[in-house]
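Visitor: My structure file upload-v6.pdb, PDB, C-alpha atoms, pLDDT in the B column, is below:
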```
ATOM      1  CA  MET A   1      -1.465  11.785 -14.808  1.00 60.00           C
ATOM      2  CA  PRO A   2      -5.091  10.717 -15.563  1.00 71.00           C
ATOM      3  CA  GLU A   3      -4.435  10.896 -19.285  1.00 71.00           C
ATOM      4  CA  GLU A   4      -1.256   8.852 -18.901  1.00 71.00           C
ATOM      5  CA  LEU A   5      -3.010   6.034 -17.016  1.00 75.00           C
ATOM      6  CA  ALA A   6      -6.432   6.067 -18.672  1.00 74.00           C
ATOM      7  CA  HIS A   7      -5.332   4.248 -21.824  1.00 73.00           C
ATOM      8  CA  PRO A   8      -3.616   1.317 -20.046  1.00 73.00           C
ATOM      9  CA  TRP A   9      -6.675   0.962 -17.806  1.00 70.00           C
ATOM     10  CA  ALA A  10      -9.078   0.987 -20.760  1.00 74.00           C
ATOM     11  CA  THR A  11      -6.919  -1.561 -22.597  1.00 76.00           C
ATOM     12  CA  ALA A  12      -6.835  -3.887 -19.586  1.00 73.00           C
ATOM     13  CA  ARG A  13     -10.594  -3.526 -19.103  1.00 72.00           C
ATOM     14  CA  GLU A  14     -11.270  -4.343 -22.736  1.00 72.00           C
ATOM     15  CA  SER A  15      -9.086  -7.465 -22.427  1.00 76.00           C
ATOM     16  CA  VAL A  16     -11.177  -8.639 -19.468  1.00 70.00           C
ATOM     17  CA  LEU A  17     -14.426  -7.947 -21.298  1.00 69.00           C
ATOM     18  CA  ARG A  18     -13.153  -9.739 -24.390  1.00 71.00           C
ATOM     19  CA  ALA A  19     -12.343 -12.804 -22.306  1.00 75.00           C
ATOM     20  CA  GLU A  20     -15.817 -12.708 -20.740  1.00 69.00           C
ATOM     21  CA  ARG A  21     -17.467 -12.399 -24.170  1.00 67.00           C
ATOM     22  CA  GLY A  22     -15.261 -15.027 -25.708  1.00 72.00           C
ATOM     23  CA  GLY A  23     -14.454 -12.819 -28.687  1.00 71.00           C
ATOM     24  CA  PRO A  24     -14.260  -9.253 -30.051  1.00 72.00           C
ATOM     25  CA  ARG A  25     -16.941  -6.696 -29.187  1.00 68.00           C
ATOM     26  CA  GLN A  26     -20.049  -6.551 -31.356  1.00 68.00           C
ATOM     27  CA  ARG A  27     -21.190  -3.064 -30.369  1.00 62.00           C
ATOM     28  CA  ALA A  28     -19.608   0.250 -31.219  1.00 60.00           C
ATOM     29  CA  VAL A  29     -17.073   1.722 -28.818  1.00 58.00           C
ATOM     30  CA  GLY A  30     -18.933   3.538 -26.032  1.00 58.00           C
ATOM     31  CA  ALA A  31     -22.063   1.434 -26.262  1.00 56.00           C
ATOM     32  CA  GLY A  32     -23.185  -1.107 -23.694  1.00 60.00           C
ATOM     33  CA  ARG A  33     -22.716  -1.210 -19.939  1.00 67.00           C
ATOM     34  CA  LYS A  34     -20.972   1.787 -18.443  1.00 72.00           C
ATOM     35  CA  PRO A  35     -18.590   1.455 -15.468  1.00 72.00           C
ATOM     36  CA  LYS A  36     -20.066   2.602 -12.158  1.00 80.00           C
ATOM     37  CA  LEU A  37     -17.002   4.775 -11.572  1.00 84.00           C
ATOM     38  CA  VAL A  38     -15.364   6.758 -14.353  1.00 86.00           C
ATOM     39  CA  PHE A  39     -11.602   6.391 -14.526  1.00 84.00           C
ATOM     40  CA  VAL A  40     -10.812   9.689 -12.766  1.00 87.00           C
ATOM     41  CA  ASP A  41     -12.933   8.603  -9.779  1.00 90.00           C
ATOM     42  CA  ARG A  42     -11.216   5.212  -9.749  1.00 88.00           C
ATOM     43  CA  LEU A  43      -7.883   6.982  -9.650  1.00 86.00           C
ATOM     44  CA  LEU A  44      -9.024   9.217  -6.787  1.00 88.00           C
ATOM     45  CA  VAL A  45     -10.262   6.223  -4.795  1.00 87.00           C
ATOM     46  CA  THR A  46      -6.921   4.468  -5.234  1.00 84.00           C
ATOM     47  CA  LEU A  47      -4.923   7.536  -4.205  1.00 82.00           C
ATOM     48  CA  ILE A  48      -7.088   8.314  -1.164  1.00 84.00           C
ATOM     49  CA  HIS A  49      -7.013   4.734   0.099  1.00 78.00           C
ATOM     50  CA  PRO A  50      -3.285   4.489   1.072  1.00 70.00           C
ATOM     51  CA  ARG A  51      -2.975   8.164   1.960  1.00 70.00           C
ATOM     52  CA  HIS A  52      -5.723   8.160   4.619  1.00 75.00           C
ATOM     53  CA  GLY A  53      -6.179   4.444   5.308  1.00 70.00           C
ATOM     54  CA  LEU A  54      -9.935   4.617   4.829  1.00 79.00           C
ATOM     55  CA  PRO A  55     -11.865   1.309   4.667  1.00 80.00           C
ATOM     56  CA  HIS A  56     -13.344   0.365   1.319  1.00 84.00           C
ATOM     57  CA  ALA A  57     -16.842   0.693   2.820  1.00 84.00           C
ATOM     58  CA  VAL A  58     -16.228   4.345   3.744  1.00 88.00           C
ATOM     59  CA  LEU A  59     -14.890   5.160   0.276  1.00 89.00           C
ATOM     60  CA  ALA A  60     -17.953   3.459  -1.186  1.00 88.00           C
ATOM     61  CA  GLU A  61     -20.180   5.818   0.801  1.00 90.00           C
ATOM     62  CA  PHE A  62     -18.243   8.852  -0.404  1.00 88.00           C
ATOM     63  CA  PHE A  63     -18.551   7.848  -4.059  1.00 89.00           C
ATOM     64  CA  ASP A  64     -22.080   6.394  -3.744  1.00 89.00           C
ATOM     65  CA  VAL A  65     -21.192   2.926  -5.067  1.00 90.00           C
ATOM     66  CA  ASP A  66     -20.970  -0.611  -3.711  1.00 89.00           C
ATOM     67  CA  ARG A  67     -17.933  -1.589  -1.688  1.00 85.00           C
ATOM     68  CA  SER A  68     -17.101  -4.243  -4.281  1.00 85.00           C
ATOM     69  CA  THR A  69     -16.811  -1.477  -6.888  1.00 89.00           C
ATOM     70  CA  VAL A  70     -14.256   0.361  -4.757  1.00 88.00           C
ATOM     71  CA  SER A  71     -12.292  -2.850  -4.164  1.00 84.00           C
ATOM     72  CA  ALA A  72     -12.241  -3.588  -7.893  1.00 85.00           C
ATOM     73  CA  ALA A  73     -11.141  -0.036  -8.721  1.00 86.00           C
ATOM     74  CA  ILE A  74      -8.209  -0.196  -6.299  1.00 84.00           C
ATOM     75  CA  ARG A  75      -7.237  -3.637  -7.542  1.00 81.00           C
ATOM     76  CA  GLN A  76      -7.188  -2.399 -11.153  1.00 83.00           C
ATOM     77  CA  VAL A  77      -5.492   0.983 -10.710  1.00 83.00           C
ATOM     78  CA  ARG A  78      -2.866   0.172  -8.072  1.00 80.00           C
ATOM     79  CA  PRO A  79      -0.636  -1.787 -10.527  1.00 79.00           C
ATOM     80  CA  LEU A  80      -0.795   1.125 -12.973  1.00 80.00           C
ATOM     81  CA  LEU A  81       0.402   3.539 -10.286  1.00 77.00           C
ATOM     82  CA  ALA A  82       3.135   1.151  -9.191  1.00 74.00           C
ATOM     83  CA  ALA A  83       4.401   0.828 -12.767  1.00 76.00           C
ATOM     84  CA  ARG A  84       4.449   4.613 -13.119  1.00 77.00           C
ATOM     85  CA  GLY A  85       6.337   5.080  -9.848  1.00 76.00           C
ATOM     86  CA  PHE A  86       6.211   7.718  -7.120  1.00 77.00           C
ATOM     87  CA  ALA A  87       7.471  11.210  -7.916  1.00 77.00           C
ATOM     88  CA  VAL A  88      10.252  12.516  -5.677  1.00 81.00           C
ATOM     89  CA  PRO A  89       9.120  15.732  -3.914  1.00 76.00           C
ATOM     90  CA  GLY A  90      10.528  18.716  -5.771  1.00 76.00           C
ATOM     91  CA  ARG A  91      11.900  16.513  -8.580  1.00 78.00           C
ATOM     92  CA  PRO A  92       8.913  15.242 -10.592  1.00 72.00           C
ATOM     93  CA  SER A  93      11.141  13.872 -13.330  1.00 75.00           C
ATOM     94  CA  LEU A  94      12.661  11.374 -10.866  1.00 81.00           C
ATOM     95  CA  ARG A  95      10.374   8.456 -10.040  1.00 85.00           C
ATOM     96  CA  LEU A  96      10.800   5.684  -7.486  1.00 88.00           C
ATOM     97  CA  LYS A  97       9.345   2.354  -8.559  1.00 85.00           C
ATOM     98  CA  THR A  98      11.021  -0.221  -6.350  1.00 86.00           C
ATOM     99  CA  LEU A  99      12.385  -0.695  -2.862  1.00 87.00           C
ATOM    100  CA  GLU A 100      15.884  -0.484  -4.319  1.00 92.00           C
ATOM    101  CA  ASP A 101      15.048   2.909  -5.843  1.00 92.00           C
ATOM    102  CA  VAL A 102      13.910   4.296  -2.480  1.00 91.00           C
ATOM    103  CA  PHE A 103      17.013   3.179  -0.600  1.00 94.00           C
ATOM    104  CA  ALA A 104      19.339   4.385  -3.365  1.00 94.00           C
ATOM    105  CA  TYR A 105      17.619   7.787  -3.304  1.00 93.00           C
ATOM    106  CA  ALA A 106      17.792   8.010   0.503  1.00 93.00           C
ATOM    107  CA  ASP A 107      21.465   7.004   0.434  1.00 95.00           C
ATOM    108  CA  ALA A 108      22.422   9.511  -2.243  1.00 92.00           C
ATOM    109  CA  GLU A 109      20.407  12.442  -0.880  1.00 91.00           C
ATOM    110  CA  GLY A 110      20.798  11.801   2.859  1.00 92.00           C
ATOM    111  CA  VAL A 111      17.052  11.429   3.360  1.00 93.00           C
ATOM    112  CA  GLU A 112      15.900   9.824   6.602  1.00 94.00           C
ATOM    113  CA  LEU A 113      13.055   7.469   5.816  1.00 94.00           C
ATOM    114  CA  ARG A 114       9.800   6.915   7.668  1.00 91.00           C
ATOM    115  CA  LEU A 115       8.532   3.344   7.550  1.00 86.00           C
ATOM    116  CA  ASP A 116       4.981   2.393   8.480  1.00 81.00           C
ATOM    117  CA  GLY A 117       2.612  -0.509   8.004  1.00 73.00           C
ATOM    118  CA  ALA A 118      -0.834   0.826   7.086  1.00 69.00           C
ATOM    119  CA  GLU A 119      -3.782  -1.442   7.887  1.00 69.00           C
ATOM    120  CA  THR A 120      -7.161  -1.117   6.171  1.00 65.00           C
ATOM    121  CA  GLN A 121     -10.388  -2.996   6.823  1.00 64.00           C
ATOM    122  CA  VAL A 122     -11.739  -5.011   3.889  1.00 60.00           C
ATOM    123  CA  ARG A 123     -14.672  -7.296   3.213  1.00 62.00           C
ATOM    124  CA  ARG A 124     -14.444 -10.726   4.786  1.00 62.00           C
ATOM    125  CA  PRO A 125     -13.329 -13.344   2.220  1.00 59.00           C
ATOM    126  CA  ARG A 126     -15.947 -15.921   1.234  1.00 62.00           C
ATOM    127  CA  ALA A 127     -16.424 -18.978   3.392  1.00 61.00           C
ATOM    128  CA  GLY A 128     -14.293 -21.893   2.245  1.00 62.00           C
ATOM    129  CA  GLN A 129     -11.819 -19.654   0.417  1.00 59.00           C
ATOM    130  CA  PRO A 130      -8.212 -20.851   0.958  1.00 55.00           C
ATOM    131  CA  GLY A 131      -6.246 -18.603   3.281  1.00 52.00           C
ATOM    132  CA  ARG A 132      -9.350 -16.903   4.649  1.00 52.00           C
ATOM    133  CA  ARG A 133      -7.986 -16.687   8.211  1.00 54.00           C
ATOM    134  CA  ALA A 134      -4.873 -14.914   6.958  1.00 51.00           C
ATOM    135  CA  PHE A 135      -6.868 -11.678   6.636  1.00 52.00           C
ATOM    136  CA  VAL A 136      -7.949 -11.575  10.300  1.00 54.00           C
ATOM    137  CA  SER A 137      -5.733  -9.005  12.003  1.00 52.00           C
ATOM    138  CA  GLY A 138      -4.559 -10.042  15.455  1.00 51.00           C
ATOM    139  CA  LYS A 139      -4.376  -6.378  16.472  1.00 58.00           C
ATOM    140  CA  ARG A 140      -7.695  -5.061  15.166  1.00 53.00           C
ATOM    141  CA  ARG A 141      -9.715  -8.291  15.242  1.00 57.00           C
ATOM    142  CA  GLN A 142     -11.044  -7.445  11.797  1.00 63.00           C
ATOM    143  CA  ASN A 143     -10.471  -8.562   8.219  1.00 69.00           C
ATOM    144  CA  THR A 144      -7.764  -6.272   6.923  1.00 67.00           C
ATOM    145  CA  ILE A 145      -4.980  -5.828   4.409  1.00 67.00           C
ATOM    146  CA  LYS A 146      -1.650  -4.126   5.099  1.00 73.00           C
ATOM    147  CA  THR A 147       0.679  -2.088   2.953  1.00 75.00           C
ATOM    148  CA  THR A 148       4.233  -1.038   3.785  1.00 80.00           C
ATOM    149  CA  THR A 149       4.639   2.676   3.170  1.00 82.00           C
ATOM    150  CA  PHE A 150       7.843   4.722   2.911  1.00 87.00           C
ATOM    151  CA  SER A 151       7.876   8.506   3.282  1.00 88.00           C
ATOM    152  CA  ASP A 152      10.430  11.241   3.881  1.00 89.00           C
ATOM    153  CA  GLY A 153      10.907  13.360   7.006  1.00 84.00           C
ATOM    154  CA  GLN A 154       8.019  15.625   6.014  1.00 83.00           C
ATOM    155  CA  GLY A 155       5.587  12.754   5.601  1.00 81.00           C
ATOM    156  CA  ARG A 156       5.599  12.866   1.789  1.00 83.00           C
ATOM    157  CA  MET A 157       5.069   9.399   0.367  1.00 81.00           C
ATOM    158  CA  LEU A 158       7.940   7.843  -1.570  1.00 86.00           C
ATOM    159  CA  LEU A 159       6.650   4.298  -2.071  1.00 83.00           C
ATOM    160  CA  SER A 160       3.787   2.054  -1.076  1.00 77.00           C
ATOM    161  CA  VAL A 161       4.743  -1.565  -1.623  1.00 70.00           C
ATOM    162  CA  VAL A 162       3.392  -5.102  -1.341  1.00 61.00           C
ATOM    163  CA  VAL A 163      -0.184  -5.560  -0.145  1.00 67.00           C
ATOM    164  CA  ARG A 164      -0.375  -8.431   2.332  1.00 64.00           C
ATOM    165  CA  PRO A 165      -3.065 -10.109   4.483  1.00 63.00           C
ATOM    166  CA  GLY A 166      -3.752  -8.426   7.801  1.00 55.00           C
ATOM    167  CA  ARG A 167      -2.618 -11.391   9.896  1.00 58.00           C
ATOM    168  CA  MET A 168       0.986 -11.047   8.682  1.00 60.00           C
ATOM    169  CA  HIS A 169       3.059  -9.155  11.230  1.00 63.00           C
ATOM    170  CA  ASP A 170       5.063  -6.131  10.123  1.00 64.00           C
ATOM    171  CA  GLN A 171       8.286  -7.828  11.178  1.00 67.00           C
ATOM    172  CA  THR A 172       7.472 -10.821   8.952  1.00 69.00           C
ATOM    173  CA  ALA A 173       6.952  -8.441   6.031  1.00 67.00           C
ATOM    174  CA  VAL A 174      10.427  -7.009   6.663  1.00 70.00           C
ATOM    175  CA  ARG A 175      11.845 -10.415   5.726  1.00 71.00           C
ATOM    176  CA  SER A 176       9.489 -11.331   2.901  1.00 71.00           C
ATOM    177  CA  GLU A 177       9.710  -7.920   1.193  1.00 77.00           C
ATOM    178  CA  GLY A 178      13.497  -7.621   1.465  1.00 84.00           C
ATOM    179  CA  ILE A 179      13.531  -4.484   3.629  1.00 86.00           C
ATOM    180  CA  ALA A 180      16.153  -5.838   6.022  1.00 88.00           C
ATOM    181  CA  GLU A 181      18.416  -6.661   3.086  1.00 91.00           C
ATOM    182  CA  GLN A 182      18.228  -3.087   1.870  1.00 92.00           C
ATOM    183  CA  PHE A 183      19.377  -1.744   5.237  1.00 93.00           C
ATOM    184  CA  ARG A 184      22.215  -4.251   5.144  1.00 92.00           C
ATOM    185  CA  HIS A 185      23.285  -3.129   1.650  1.00 94.00           C
ATOM    186  CA  ARG A 186      22.870   0.584   2.445  1.00 95.00           C
ATOM    187  CA  PRO A 187      24.459   1.094   5.889  1.00 95.00           C
ATOM    188  CA  ARG A 188      24.232   4.900   5.631  1.00 95.00           C
ATOM    189  CA  VAL A 189      20.434   4.910   5.282  1.00 95.00           C
ATOM    190  CA  LYS A 190      18.567   5.760   8.472  1.00 95.00           C
ATOM    191  CA  ALA A 191      14.877   5.406   9.230  1.00 93.00           C
ATOM    192  CA  GLU A 192      12.252   5.959  11.904  1.00 93.00           C
ATOM    193  CA  VAL A 193       9.697   3.169  12.273  1.00 88.00           C
ATOM    194  CA  ASP A 194       6.569   2.466  14.299  1.00 81.00           C
ATOM    195  CA  SER A 195       6.331  -0.028  17.143  1.00 79.00           C
ATOM    196  CA  GLY A 196       5.577  -2.907  14.782  1.00 76.00           C
ATOM    197  CA  TYR A 197       9.196  -2.849  13.594  1.00 81.00           C
ATOM    198  CA  GLN A 198      10.947  -3.240  16.968  1.00 84.00           C
ATOM    199  CA  GLY A 199      12.843  -6.249  15.619  1.00 84.00           C
ATOM    200  CA  LEU A 200      14.220  -4.212  12.726  1.00 86.00           C
ATOM    201  CA  ALA A 201      15.432  -1.514  15.138  1.00 88.00           C
ATOM    202  CA  LYS A 202      17.091  -4.162  17.289  1.00 90.00           C
ATOM    203  CA  GLU A 203      18.869  -5.681  14.289  1.00 90.00           C
ATOM    204  CA  PHE A 204      20.034  -2.299  12.921  1.00 93.00           C
ATOM    205  CA  PRO A 205      20.416  -0.110  16.042  1.00 92.00           C
ATOM    206  CA  ARG A 206      22.602   2.474  14.278  1.00 93.00           C
ATOM    207  CA  GLN A 207      20.209   2.886  11.366  1.00 95.00           C
ATOM    208  CA  VAL A 208      16.677   2.290  12.600  1.00 92.00           C
ATOM    209  CA  THR A 209      14.907   4.111  15.447  1.00 92.00           C
ATOM    210  CA  ALA A 210      11.706   2.756  16.984  1.00 87.00           C
ATOM    211  CA  PRO A 211       9.588   4.091  19.868  1.00 85.00           C
ATOM    212  CA  PRO A 212      10.205   2.426  23.249  1.00 80.00           C
ATOM    213  CA  LYS A 213       8.044  -0.529  24.124  1.00 72.00           C
ATOM    214  CA  LYS A 214       4.998   0.195  26.252  1.00 67.00           C
ATOM    215  CA  PRO A 215       5.432  -1.055  29.824  1.00 64.00           C
ATOM    216  CA  LYS A 216       3.326  -3.982  30.913  1.00 63.00           C
ATOM    217  CA  ASP A 217       0.328  -3.303  33.122  1.00 59.00           C
ATOM    218  CA  ASP A 218       2.102  -4.691  36.185  1.00 56.00           C
ATOM    219  CA  ALA A 219       5.397  -2.920  35.493  1.00 55.00           C
ATOM    220  CA  CYS A 220       6.833  -0.569  38.097  1.00 55.00           C
ATOM    221  CA  ASP A 221       6.384   3.122  37.230  1.00 55.00           C
ATOM    222  CA  GLY A 222       9.794   3.977  38.687  1.00 53.00           C
ATOM    223  CA  ASP A 223       8.578   5.339  42.038  1.00 53.00           C
ATOM    224  CA  LYS A 224       9.936   3.672  45.160  1.00 47.00           C
TER     225      LYS A 224
END
```
What is this file in structure tokens?

Guide:
Amino acid sequence: MPEELAHPWATARESVLRAERGGPRQRAVGAGRKPKLVFVDRLLVTLIHPRHGLPHAVLAEFFDVDRSTVSAAIRQVRPLLAARGFAVPGRPSLRLKTLEDVFAYADAEGVELRLDGAETQVRRPRAGQPGRRAFVSGKRRQNTIKTTTFSDGQGRMLLSVVVRPGRMHDQTAVRSEGIAEQFRHRPRVKAEVDSGYQGLAKEFPRQVTAPPKKPKDDACDGDK
């Protein structure tokens, strides 16, 4: 996989550098400023990030670089991974690239999906930047981003889709990302979800299972 993605990354990087220079390079290939992370490390950072939900600052400590370097690496490599698609466990030749692919695969193979919204802390956007407040998570009270992740019954990732600001609720993402529509089009697909998707479970009670709501602090515990 590194060899497959390294060339597109290098091409994209050269395009950015060319735009910054305002013309073609003057030095020989390999000369000049070296990236702080080689491509393999950038790929590792991007793979570790959604798998373990580690903040960019923690990954920066692991790789001994600035947090901005980690953020840039993830921003550059994530589209390359998305374009390549996620390999189906046990069938590496079959790759899932879109939400439609995941639901079609689950429908055809009888796979019960696991749906989760992963939240990761990020650096606070600059003051005055439009939409700055959108990154403040109401749950964690921190600046975060969220990704919607699909996996199979064994926890093996099938797709990690749209990155959104931390303030956006999981249920809102269900509408904006088209997840509800997929359940509507694929009535045989079933899924387990976390508590953030209670609305989805209510709308599709025969397909989606969510954990019961936590009782309020003043709720009766059932004893009389």

Visitor: Using only C-alpha atoms, find the one residue out of A:Pro55, A:Pro35, A:Gly178, A:Pro211 that sits nearest to Asp194 (chain A).

Guide: A:Pro211

Visitor: From the list A:Leu159, A:Leu54, A:Val102, A:Val88, which residue is nearest Asp116 (chain A) when using only C-alpha atoms?

Guide: A:Leu159

Visitor: Give me, please, the distance in Å between CA of Thr147 (chain A) and CA of Val38 (chain A), quoted to one decimal.

Guide: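 Distance reported for this atom pair: 25.2 Å.
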
Visitor: Enter the distance from CA of Leu94 (chain A) to CA of Glu4 (chain A), in Å, rounded to one decimal.

Guide: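 Here the two named atoms are 16.3 Å from each other.
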
Visitor: Can you tell me which residues surround Ser68 (chain A) at a distance of at most 10 Å, considering all atoms listed in the file, apart from same-chain residues fewer than 2 positions away, and format the answer as a PDB file with C-alpha atoms, in the coordinates of the input?

Guide:
```pdb
ATOM      1  CA  HIS A  56     -13.344   0.365   1.319  1.00 84.00           C
ATOM      2  CA  ALA A  57     -16.842   0.693   2.820  1.00 84.00           C
ATOM      3  CA  ALA A  60     -17.953   3.459  -1.186  1.00 88.00           C
ATOM      4  CA  VAL A  65     -21.192   2.926  -5.067  1.00 90.00           C
ATOM      5  CA  ASP A  66     -20.970  -0.611  -3.711  1.00 89.00           C
ATOM      6  CA  VAL A  70     -14.256   0.361  -4.757  1.00 88.00           C
ATOM      7  CA  SER A  71     -12.292  -2.850  -4.164  1.00 84.00           C
ATOM      8  CA  ALA A  72     -12.241  -3.588  -7.893  1.00 85.00           C
ATOM      9  CA  ALA A  73     -11.141  -0.036  -8.721  1.00 86.00           C
ATOM     10  CA  ILE A  74      -8.209  -0.196  -6.299  1.00 84.00           C
ATOM     11  CA  VAL A 122     -11.739  -5.011   3.889  1.00 60.00           C
ATOM     12  CA  ARG A 123     -14.672  -7.296   3.213  1.00 62.00           C
TER      13      ARG A 123
END
```

Visitor: Work out how far CA of Gln182 (chain A) is from CA of Thr98 (chain A), in Å to one decimal.

Guide: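 CA of Thr98 (chain A) sits 11.3 Å away from CA of Gln182 (chain A).
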
Visitor: Quick one: everything within 12 Å of Lys213 (chain A), counting only C-alpha atoms, minus sequence neighbours fewer than 6 positions away in the same chain. Send it as a tab-separated table (two decimals) with C-alpha atoms, keeping the file's coordinate frame.

Guide:
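selection-v2.tsv was written with the following content:
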```
chain	number	residue	atom	x	y	z
A	194	ASP	CA	6.57	2.47	14.30
A	195	SER	CA	6.33	-0.03	17.14
A	196	GLY	CA	5.58	-2.91	14.78
A	197	TYR	CA	9.20	-2.85	13.59
A	198	GLN	CA	10.95	-3.24	16.97
A	199	GLY	CA	12.84	-6.25	15.62
A	201	ALA	CA	15.43	-1.51	15.14
A	202	LYS	CA	17.09	-4.16	17.29
A	219	ALA	CA	5.40	-2.92	35.49
```

Visitor: Applying the PyMOL selection byres ((chain A and resi 161) around 9) to the file I just gave you, which residues come out? Please list them as a ChimeraX atom specification.

Guide: /A:82,98-99,147-150,159-160,162-163,177

Visitor: Quick one: apply the PyMOL selection byres ((chain A and resi 48) around 12) to the file and drop the selected residues here as a list in words.

Guide: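 Given this file, the PyMOL selection byres ((chain A and resi 48) around 12) evaluates to Asp41, Arg42, Leu43, Leu44, Val45, Thr46, Leu47, His49, Pro50, Arg51, His52, Gly53, Leu54, Pro55, His56, Val58, Leu59, Ala60, Phe62, Phe63, Val70, Ala73, Ile74, Arg78 and Thr120 of chain A.
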
Visitor: I need the output of the PyMOL selection byres ((chain A and resi 204) around 12) for this file as a PyMOL selection string; which residues are they?

Guide: chain A and resi 179-193+197-203+205-210

Visitor: How about saving the chosen residues, C-alpha atoms kept, as a PDB file, in the coordinates of the input?

Guide:
```pdb
ATOM      1  CA  ILE A 179      13.531  -4.484   3.629  1.00 86.00           C
ATOM      2  CA  ALA A 180      16.153  -5.838   6.022  1.00 88.00           C
ATOM      3  CA  GLU A 181      18.416  -6.661   3.086  1.00 91.00           C
ATOM      4  CA  GLN A 182      18.228  -3.087   1.870  1.00 92.00           C
ATOM      5  CA  PHE A 183      19.377  -1.744   5.237  1.00 93.00           C
ATOM      6  CA  ARG A 184      22.215  -4.251   5.144  1.00 92.00           C
ATOM      7  CA  HIS A 185      23.285  -3.129   1.650  1.00 94.00           C
ATOM      8  CA  ARG A 186      22.870   0.584   2.445  1.00 95.00           C
ATOM      9  CA  PRO A 187      24.459   1.094   5.889  1.00 95.00           C
ATOM     10  CA  ARG A 188      24.232   4.900   5.631  1.00 95.00           C
ATOM     11  CA  VAL A 189      20.434   4.910   5.282  1.00 95.00           C
ATOM     12  CA  LYS A 190      18.567   5.760   8.472  1.00 95.00           C
ATOM     13  CA  ALA A 191      14.877   5.406   9.230  1.00 93.00           C
ATOM     14  CA  GLU A 192      12.252   5.959  11.904  1.00 93.00           C
ATOM     15  CA  VAL A 193       9.697   3.169  12.273  1.00 88.00           C
ATOM     16  CA  TYR A 197       9.196  -2.849  13.594  1.00 81.00           C
ATOM     17  CA  GLN A 198      10.947  -3.240  16.968  1.00 84.00           C
ATOM     18  CA  GLY A 199      12.843  -6.249  15.619  1.00 84.00           C
ATOM     19  CA  LEU A 200      14.220  -4.212  12.726  1.00 86.00           C
ATOM     20  CA  ALA A 201      15.432  -1.514  15.138  1.00 88.00           C
ATOM     21  CA  LYS A 202      17.091  -4.162  17.289  1.00 90.00           C
ATOM     22  CA  GLU A 203      18.869  -5.681  14.289  1.00 90.00           C
ATOM     23  CA  PRO A 205      20.416  -0.110  16.042  1.00 92.00           C
ATOM     24  CA  ARG A 206      22.602   2.474  14.278  1.00 93.00           C
ATOM     25  CA  GLN A 207      20.209   2.886  11.366  1.00 95.00           C
ATOM     26  CA  VAL A 208      16.677   2.290  12.600  1.00 92.00           C
ATOM     27  CA  THR A 209      14.907   4.111  15.447  1.00 92.00           C
ATOM     28  CA  ALA A 210      11.706   2.756  16.984  1.00 87.00           C
TER      29      ALA A 210
END
```

Visitor: Select, from A:Arg175, A:Arg84, A:Lys146, A:Lys97, the residue with the minimum atom-to-atom distance to Pro2 (chain A), counting only C-alpha atoms.

Guide: A:Arg84

Visitor: Name all residues at most 12 Å from Arg95 (chain A) (count only C-alpha atoms; drop same-chain ones fewer than 4 positions away) and give them as a list in words.

Guide: Leu81, Ala82, Ala83, Arg84, Gly85, Phe86, Ala87, Val88, Pro89, Gly90, Arg91, Leu99, Glu100, Asp101, Val102, Ala104, Tyr105, Met157, Leu158 and Leu159 of chain A

Visitor: Place a sphere of radius 7 Å on (11.2, 11.4, 4.7) in the file coordinates and name every protein, DNA or RNA residue with an atom inside or on its surface, counting all atoms listed in the file; give the answer as a ChimeraX atom specification.

Guide: /A:111-114,151-156

Visitor: Let me have the centre and edge lengths of the axis-aligned box enclosing all listed atoms of region 90-103 of chain A with 3 Å padding on every side, in Å to one decimal, as lines of an AutoDock Vina configuration file.

Guide:
```
center_x = 13.0
center_y = 9.0
center_z = -7.0
size_x = 14.1
size_y = 25.4
size_z = 18.7
```

Visitor: For a quick check of understanding, using all atoms listed in the file, which of A:Leu5, A:Asp64, A:Ala10, A:Gly23 has the smallest distance to Pro79 (chain A)?

Guide: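 Smallest separation from Pro79 (chain A) among the options: A:Leu5.
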